[in-house]
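Peer 1: Structure supplied as final_18.json; contents: JSON, N, CA and C atoms.
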[["chain", "number", "residue", "atom", "x", "y", "z"],
["A", 1, "MET", "N", 43.11, -66.06, 47.91],
["A", 1, "MET", "CA", 44.09, -67.13, 47.99],
["A", 1, "MET", "C", 43.51, -68.43, 47.42],
["A", 2, "PHE", "N", 42.31, -68.77, 47.91],
["A", 2, "PHE", "CA", 41.67, -70.00, 47.45],
["A", 2, "PHE", "C", 41.34, -69.93, 45.96],
["A", 3, "ILE", "N", 40.91, -68.74, 45.51],
["A", 3, "ILE", "CA", 40.54, -68.59, 44.10],
["A", 3, "ILE", "C", 41.76, -68.75, 43.20],
["A", 4, "SER", "N", 42.88, -68.14, 43.57],
["A", 4, "SER", "CA", 44.08, -68.28, 42.74],
["A", 4, "SER", "C", 44.60, -69.72, 42.76],
["A", 5, "LEU", "N", 44.46, -70.40, 43.88],
["A", 5, "LEU", "CA", 44.86, -71.81, 43.96],
["A", 5, "LEU", "C", 43.97, -72.66, 43.08],
["A", 6, "TRP", "N", 42.66, -72.39, 43.10],
["A", 6, "TRP", "CA", 41.72, -73.13, 42.26],
["A", 6, "TRP", "C", 42.02, -72.88, 40.78],
["A", 7, "GLU", "N", 42.29, -71.63, 40.40],
["A", 7, "GLU", "CA", 42.59, -71.32, 39.00],
["A", 7, "GLU", "C", 43.84, -72.05, 38.53],
["A", 8, "PHE", "N", 44.84, -72.16, 39.39],
["A", 8, "PHE", "CA", 46.06, -72.87, 39.03],
["A", 8, "PHE", "C", 45.77, -74.35, 38.77],
["A", 9, "PHE", "N", 45.10, -75.01, 39.71],
["A", 9, "PHE", "CA", 44.81, -76.44, 39.54],
["A", 9, "PHE", "C", 43.84, -76.69, 38.41],
["A", 10, "TYR", "N", 42.84, -75.81, 38.25],
["A", 10, "TYR", "CA", 41.89, -75.97, 37.16],
["A", 10, "TYR", "C", 42.59, -75.82, 35.82],
["A", 11, "GLY", "N", 43.40, -74.79, 35.68],
["A", 11, "GLY", "CA", 44.08, -74.51, 34.41],
["A", 11, "GLY", "C", 45.14, -75.53, 34.04],
["A", 12, "HIS", "N", 45.77, -76.15, 35.03],
["A", 12, "HIS", "CA", 46.88, -77.06, 34.75],
["A", 12, "HIS", "C", 46.53, -78.54, 34.83],
["A", 13, "PHE", "N", 45.51, -78.90, 35.61],
["A", 13, "PHE", "CA", 45.24, -80.32, 35.81],
["A", 13, "PHE", "C", 43.80, -80.71, 35.48],
["A", 14, "PHE", "N", 42.84, -80.13, 36.20],
["A", 14, "PHE", "CA", 41.46, -80.57, 36.09],
["A", 14, "PHE", "C", 40.87, -80.34, 34.71],
["A", 15, "ARG", "N", 41.14, -79.21, 34.12],
["A", 15, "ARG", "CA", 40.53, -78.86, 32.83],
["A", 15, "ARG", "C", 40.88, -79.88, 31.75],
["A", 16, "PHE", "N", 42.14, -80.29, 31.71],
["A", 16, "PHE", "CA", 42.56, -81.28, 30.72],
["A", 16, "PHE", "C", 41.77, -82.57, 30.85],
["A", 17, "TRP", "N", 41.64, -83.07, 32.06],
["A", 17, "TRP", "CA", 40.93, -84.34, 32.26],
["A", 17, "TRP", "C", 39.43, -84.18, 32.04],
["A", 18, "MET", "N", 38.85, -83.04, 32.40],
["A", 18, "MET", "CA", 37.43, -82.82, 32.14],
["A", 18, "MET", "C", 37.17, -82.77, 30.64],
["A", 19, "LYS", "N", 38.03, -82.05, 29.91],
["A", 19, "LYS", "CA", 37.86, -81.98, 28.46],
["A", 19, "LYS", "C", 38.00, -83.36, 27.82],
["A", 20, "TRP", "N", 38.98, -84.14, 28.28],
["A", 20, "TRP", "CA", 39.20, -85.46, 27.71],
["A", 20, "TRP", "C", 38.00, -86.36, 28.00],
["A", 21, "LEU", "N", 37.49, -86.34, 29.23],
["A", 21, "LEU", "CA", 36.35, -87.17, 29.59],
["A", 21, "LEU", "C", 35.11, -86.78, 28.79],
["A", 22, "LEU", "N", 34.83, -85.49, 28.68],
["A", 22, "LEU", "CA", 33.68, -85.04, 27.89],
["A", 22, "LEU", "C", 33.85, -85.37, 26.41],
["A", 23, "ARG", "N", 35.07, -85.29, 25.91],
["A", 23, "ARG", "CA", 35.33, -85.65, 24.51],
["A", 23, "ARG", "C", 35.02, -87.12, 24.26],
["A", 24, "GLN", "N", 35.40, -87.98, 25.21],
["A", 24, "GLN", "CA", 35.15, -89.41, 25.07],
["A", 24, "GLN", "C", 33.66, -89.73, 25.17],
["A", 25, "MET", "N", 32.95, -89.03, 26.06],
["A", 25, "MET", "CA", 31.52, -89.30, 26.26],
["A", 25, "MET", "C", 30.66, -88.76, 25.14],
["A", 26, "THR", "N", 30.94, -87.55, 24.65],
["A", 26, "THR", "CA", 30.06, -86.93, 23.66],
["A", 26, "THR", "C", 30.57, -87.07, 22.23],
["A", 27, "GLY", "N", 31.87, -87.25, 22.04],
["A", 27, "GLY", "CA", 32.43, -87.33, 20.70],
["A", 27, "GLY", "C", 32.59, -85.96, 20.06],
["A", 28, "LYS", "N", 32.46, -84.89, 20.85],
["A", 28, "LYS", "CA", 32.58, -83.53, 20.33],
["A", 28, "LYS", "C", 33.70, -82.80, 21.06],
["A", 29, "CYS", "N", 34.36, -81.88, 20.35],
["A", 29, "CYS", "CA", 35.38, -81.06, 21.00],
["A", 29, "CYS", "C", 34.69, -79.97, 21.82],
["A", 30, "GLU", "N", 35.49, -79.23, 22.56],
["A", 30, "GLU", "CA", 34.95, -78.21, 23.46],
["A", 30, "GLU", "C", 34.16, -77.14, 22.70],
["A", 31, "LEU", "N", 34.69, -76.67, 21.59],
["A", 31, "LEU", "CA", 33.97, -75.62, 20.84],
["A", 31, "LEU", "C", 32.67, -76.13, 20.23],
["A", 32, "GLN", "N", 32.63, -77.38, 19.80],
["A", 32, "GLN", "CA", 31.39, -77.95, 19.29],
["A", 32, "GLN", "C", 30.34, -78.03, 20.39],
["A", 33, "ARG", "N", 30.74, -78.41, 21.59],
["A", 33, "ARG", "CA", 29.79, -78.46, 22.71],
["A", 33, "ARG", "C", 29.27, -77.06, 23.05],
["A", 34, "ILE", "N", 30.15, -76.07, 22.99],
["A", 34, "ILE", "CA", 29.73, -74.70, 23.28],
["A", 34, "ILE", "C", 28.73, -74.21, 22.23],
["A", 35, "PHE", "N", 29.01, -74.45, 20.96],
["A", 35, "PHE", "CA", 28.11, -73.99, 19.89],
["A", 35, "PHE", "C", 26.77, -74.71, 19.93],
["A", 36, "ASP", "N", 26.75, -75.97, 20.33],
["A", 36, "ASP", "CA", 25.49, -76.71, 20.38],
["A", 36, "ASP", "C", 24.64, -76.36, 21.60],
["A", 37, "THR", "N", 25.26, -75.85, 22.65],
["A", 37, "THR", "CA", 24.56, -75.65, 23.92],
["A", 37, "THR", "C", 24.15, -74.21, 24.17],
["A", 38, "TYR", "N", 24.99, -73.25, 23.85],
["A", 38, "TYR", "CA", 24.77, -71.86, 24.25],
["A", 38, "TYR", "C", 24.49, -70.97, 23.03],
["A", 39, "VAL", "N", 23.83, -69.83, 23.30],
["A", 39, "VAL", "CA", 23.57, -68.85, 22.25],
["A", 39, "VAL", "C", 23.93, -67.46, 22.75],
["A", 40, "GLY", "N", 24.13, -66.55, 21.82],
["A", 40, "GLY", "CA", 24.32, -65.14, 22.14],
["A", 40, "GLY", "C", 25.58, -64.83, 22.92],
["A", 41, "ALA", "N", 25.43, -63.91, 23.87],
["A", 41, "ALA", "CA", 26.57, -63.43, 24.66],
["A", 41, "ALA", "C", 27.15, -64.54, 25.53],
["A", 42, "GLN", "N", 26.30, -65.44, 25.99],
["A", 42, "GLN", "CA", 26.81, -66.54, 26.81],
["A", 42, "GLN", "C", 27.76, -67.43, 26.00],
["A", 43, "ARG", "N", 27.43, -67.65, 24.74],
["A", 43, "ARG", "CA", 28.30, -68.43, 23.86],
["A", 43, "ARG", "C", 29.64, -67.71, 23.67],
["A", 44, "THR", "N", 29.58, -66.41, 23.41],
["A", 44, "THR", "CA", 30.80, -65.63, 23.21],
["A", 44, "THR", "C", 31.68, -65.67, 24.44],
["A", 45, "HIS", "N", 31.07, -65.52, 25.61],
["A", 45, "HIS", "CA", 31.82, -65.55, 26.86],
["A", 45, "HIS", "C", 32.50, -66.92, 27.06],
["A", 46, "ARG", "N", 31.79, -67.99, 26.79],
["A", 46, "ARG", "CA", 32.37, -69.34, 26.95],
["A", 46, "ARG", "C", 33.51, -69.58, 25.95],
["A", 47, "ILE", "N", 33.38, -69.08, 24.75],
["A", 47, "ILE", "CA", 34.44, -69.25, 23.76],
["A", 47, "ILE", "C", 35.67, -68.46, 24.19],
["A", 48, "GLU", "N", 35.49, -67.25, 24.68],
["A", 48, "GLU", "CA", 36.62, -66.45, 25.16],
["A", 48, "GLU", "C", 37.32, -67.14, 26.33],
["A", 49, "ASN", "N", 36.55, -67.73, 27.24],
["A", 49, "ASN", "CA", 37.15, -68.47, 28.35],
["A", 49, "ASN", "C", 37.92, -69.68, 27.84],
["A", 50, "SER", "N", 37.37, -70.36, 26.86],
["A", 50, "SER", "CA", 38.03, -71.52, 26.28],
["A", 50, "SER", "C", 39.37, -71.12, 25.66],
["A", 51, "LEU", "N", 39.39, -70.02, 24.93],
["A", 51, "LEU", "CA", 40.62, -69.55, 24.32],
["A", 51, "LEU", "C", 41.62, -69.05, 25.37],
["A", 52, "THR", "N", 41.12, -68.45, 26.43],
["A", 52, "THR", "CA", 41.99, -67.96, 27.49],
["A", 52, "THR", "C", 42.73, -69.10, 28.18],
["A", 53, "TYR", "N", 42.02, -70.19, 28.47],
["A", 53, "TYR", "CA", 42.62, -71.32, 29.16],
["A", 53, "TYR", "C", 43.36, -72.26, 28.21],
["A", 54, "SER", "N", 43.27, -72.02, 26.93],
["A", 54, "SER", "CA", 43.89, -72.91, 25.96],
["A", 54, "SER", "C", 45.41, -72.86, 26.02],
["A", 55, "LYS", "N", 46.03, -74.00, 25.81],
["A", 55, "LYS", "CA", 47.49, -74.06, 25.75],
["A", 55, "LYS", "C", 47.97, -73.98, 24.31],
["A", 56, "ASN", "N", 47.04, -73.87, 23.37],
["A", 56, "ASN", "CA", 47.34, -73.77, 21.96],
["A", 56, "ASN", "C", 47.86, -72.36, 21.65],
["A", 57, "LYS", "N", 49.05, -72.28, 21.09],
["A", 57, "LYS", "CA", 49.66, -70.98, 20.82],
["A", 57, "LYS", "C", 48.87, -70.17, 19.78],
["A", 58, "ALA", "N", 48.24, -70.84, 18.84],
["A", 58, "ALA", "CA", 47.44, -70.13, 17.83],
["A", 58, "ALA", "C", 46.24, -69.46, 18.48],
["A", 59, "ALA", "N", 45.64, -70.10, 19.45],
["A", 59, "ALA", "CA", 44.49, -69.51, 20.15],
["A", 59, "ALA", "C", 44.92, -68.28, 20.94],
["A", 60, "ILE", "N", 46.08, -68.35, 21.57],
["A", 60, "ILE", "CA", 46.59, -67.20, 22.33],
["A", 60, "ILE", "C", 46.88, -66.05, 21.37],
["A", 61, "LEU", "N", 47.46, -66.34, 20.23],
["A", 61, "LEU", "CA", 47.75, -65.32, 19.22],
["A", 61, "LEU", "C", 46.46, -64.66, 18.75],
["A", 62, "PHE", "N", 45.43, -65.46, 18.49],
["A", 62, "PHE", "CA", 44.13, -64.94, 18.08],
["A", 62, "PHE", "C", 43.56, -64.01, 19.14],
["A", 63, "LEU", "N", 43.66, -64.40, 20.40],
["A", 63, "LEU", "CA", 43.13, -63.61, 21.49],
["A", 63, "LEU", "C", 43.88, -62.29, 21.62],
["A", 64, "MET", "N", 45.20, -62.32, 21.46],
["A", 64, "MET", "CA", 45.99, -61.08, 21.53],
["A", 64, "MET", "C", 45.62, -60.12, 20.40],
["A", 65, "ARG", "N", 45.45, -60.63, 19.20],
["A", 65, "ARG", "CA", 45.09, -59.77, 18.07],
["A", 65, "ARG", "C", 43.69, -59.20, 18.24],
["A", 66, "LYS", "N", 42.80, -59.97, 18.85],
["A", 66, "LYS", "CA", 41.43, -59.52, 19.05],
["A", 66, "LYS", "C", 41.38, -58.38, 20.07],
["A", 67, "GLN", "N", 42.22, -58.45, 21.09],
["A", 67, "GLN", "CA", 42.20, -57.44, 22.13],
["A", 67, "GLN", "C", 42.73, -56.10, 21.65],
["A", 68, "ARG", "N", 43.67, -56.11, 20.70],
["A", 68, "ARG", "CA", 44.26, -54.87, 20.21],
["A", 68, "ARG", "C", 44.22, -54.83, 18.68],
["A", 69, "PRO", "N", 43.04, -54.64, 18.10],
["A", 69, "PRO", "CA", 42.94, -54.69, 16.64],
["A", 69, "PRO", "C", 43.55, -53.48, 15.93],
["A", 70, "THR", "N", 43.74, -52.36, 16.61],
["A", 70, "THR", "CA", 44.24, -51.17, 15.93],
["A", 70, "THR", "C", 45.75, -51.22, 15.69],
["A", 71, "LYS", "N", 46.48, -51.89, 16.55],
["A", 71, "LYS", "CA", 47.93, -51.97, 16.41],
["A", 71, "LYS", "C", 48.29, -53.31, 15.77],
["A", 72, "LYS", "N", 48.45, -53.32, 14.48],
["A", 72, "LYS", "CA", 48.71, -54.59, 13.79],
["A", 72, "LYS", "C", 50.17, -54.99, 13.88],
["A", 73, "LEU", "N", 51.06, -54.22, 13.34],
["A", 73, "LEU", "CA", 52.47, -54.60, 13.33],
["A", 73, "LEU", "C", 53.22, -54.11, 14.56],
["A", 74, "GLU", "N", 52.72, -53.09, 15.23],
["A", 74, "GLU", "CA", 53.39, -52.57, 16.41],
["A", 74, "GLU", "C", 53.34, -53.57, 17.57],
["A", 75, "ASN", "N", 52.39, -54.48, 17.55],
["A", 75, "ASN", "CA", 52.21, -55.44, 18.64],
["A", 75, "ASN", "C", 53.07, -56.68, 18.47],
["A", 76, "LYS", "N", 53.80, -56.80, 17.39],
["A", 76, "LYS", "CA", 54.53, -58.03, 17.12],
["A", 76, "LYS", "C", 55.45, -58.46, 18.25],
["A", 77, "PRO", "N", 56.27, -57.60, 18.86],
["A", 77, "PRO", "CA", 57.11, -58.06, 19.98],
["A", 77, "PRO", "C", 56.29, -58.56, 21.16],
["A", 78, "GLU", "N", 55.16, -57.89, 21.44],
["A", 78, "GLU", "CA", 54.32, -58.33, 22.55],
["A", 78, "GLU", "C", 53.68, -59.68, 22.26],
["A", 79, "ILE", "N", 53.23, -59.89, 21.03],
["A", 79, "ILE", "CA", 52.64, -61.18, 20.65],
["A", 79, "ILE", "C", 53.69, -62.27, 20.70],
["A", 80, "ASP", "N", 54.89, -61.99, 20.22],
["A", 80, "ASP", "CA", 55.97, -62.97, 20.26],
["A", 80, "ASP", "C", 56.30, -63.35, 21.70],
["A", 81, "ARG", "N", 56.27, -62.38, 22.59],
["A", 81, "ARG", "CA", 56.54, -62.65, 24.00],
["A", 81, "ARG", "C", 55.47, -63.57, 24.59],
["A", 82, "TRP", "N", 54.20, -63.35, 24.24],
["A", 82, "TRP", "CA", 53.12, -64.20, 24.73],
["A", 82, "TRP", "C", 53.24, -65.62, 24.19],
["A", 83, "ILE", "N", 53.64, -65.75, 22.94],
["A", 83, "ILE", "CA", 53.76, -67.08, 22.33],
["A", 83, "ILE", "C", 54.88, -67.89, 22.99],
["A", 84, "LYS", "N", 55.97, -67.22, 23.36],
["A", 84, "LYS", "CA", 57.09, -67.91, 23.97],
["A", 84, "LYS", "C", 56.80, -68.43, 25.37],
["A", 85, "LYS", "N", 55.79, -67.88, 26.05],
["A", 85, "LYS", "CA", 55.47, -68.31, 27.42],
["A", 85, "LYS", "C", 54.98, -69.73, 27.48]]
Please, can you express the file's structure as structure tokens?

Peer 2:
Amino acid sequence: MFISLWEFFYGHFFRFWMKWLLRQMTGKCELQRIFDTYVGAQRTHRIENSLTYSKNKAAILFLMRKQRPTKKLENKPEIDRWIKK
């Protein structure tokens, strides 16, 4: 219960303000900070989390295509449904 409540508030409120504050302090976007700080699998994991929490529709589309690379055109209705959310 607490975890799902935290994920809701983090995804909808806190994350935006944390990203904005870090952007103002460092002058770098989230992906630039990830690339400068982490290496290897940890970097990949952080980038995937960043794309998962992203409100950018292009990032969600990229993530959907990455998860199912074998079905290119068959996935179009499912991808369209994700974009509309």

Peer 1: Identify the residues within 12 Å of coordinate (39.0, -79.6, 19.9) (same frame as the file), considering only C-alpha atoms, and give the answer as a list in words.

Peer 2: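 Residues with an atom at most 12 Å from (39.0, -79.6, 19.9): Phe16, Lys19, Trp20, Leu22, Arg23, Gln24, Gly27, Lys28, Cys29, Glu30, Leu31, Gln32, Arg33, Ile34, Ile47, Ser50, Leu51, Ser54, Lys55, Asn56 and Ala59 of chain A.
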
Peer 1: Which distance in Å separates atom C of Tyr53 in chain A and atom C of Tyr10 in chain A, to one decimal?

Peer 2: 8.4 Å

Peer 1: For a test of reading the model, state the distance in Å between atom C of Ala58 in chain A and atom C of Thr26 in chain A, rounded to one decimal.

Peer 2: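 About the pair atom C of Ala58 in chain A and atom C of Thr26 in chain A: they are 23.9 Å apart.
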
Peer 1: In Å, with one decimal, what is the gap from CA of Ile3 in chain A to CA of Thr52 in chain A?

Peer 2: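 So the answer is 16.7 Å.
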
Peer 1: Starting from 6 Å padding per side, set up an axis-aligned box that covers all listed atoms of range 15-28 of chain A and hand over centre and edge lengths in Å, one decimal, as AutoDock Vina command-line options.

Peer 2:
--center_x 36.3 --center_y -84.3 --center_z 27.1 --size_x 24.5 --size_y 22.9 --size_z 26.1
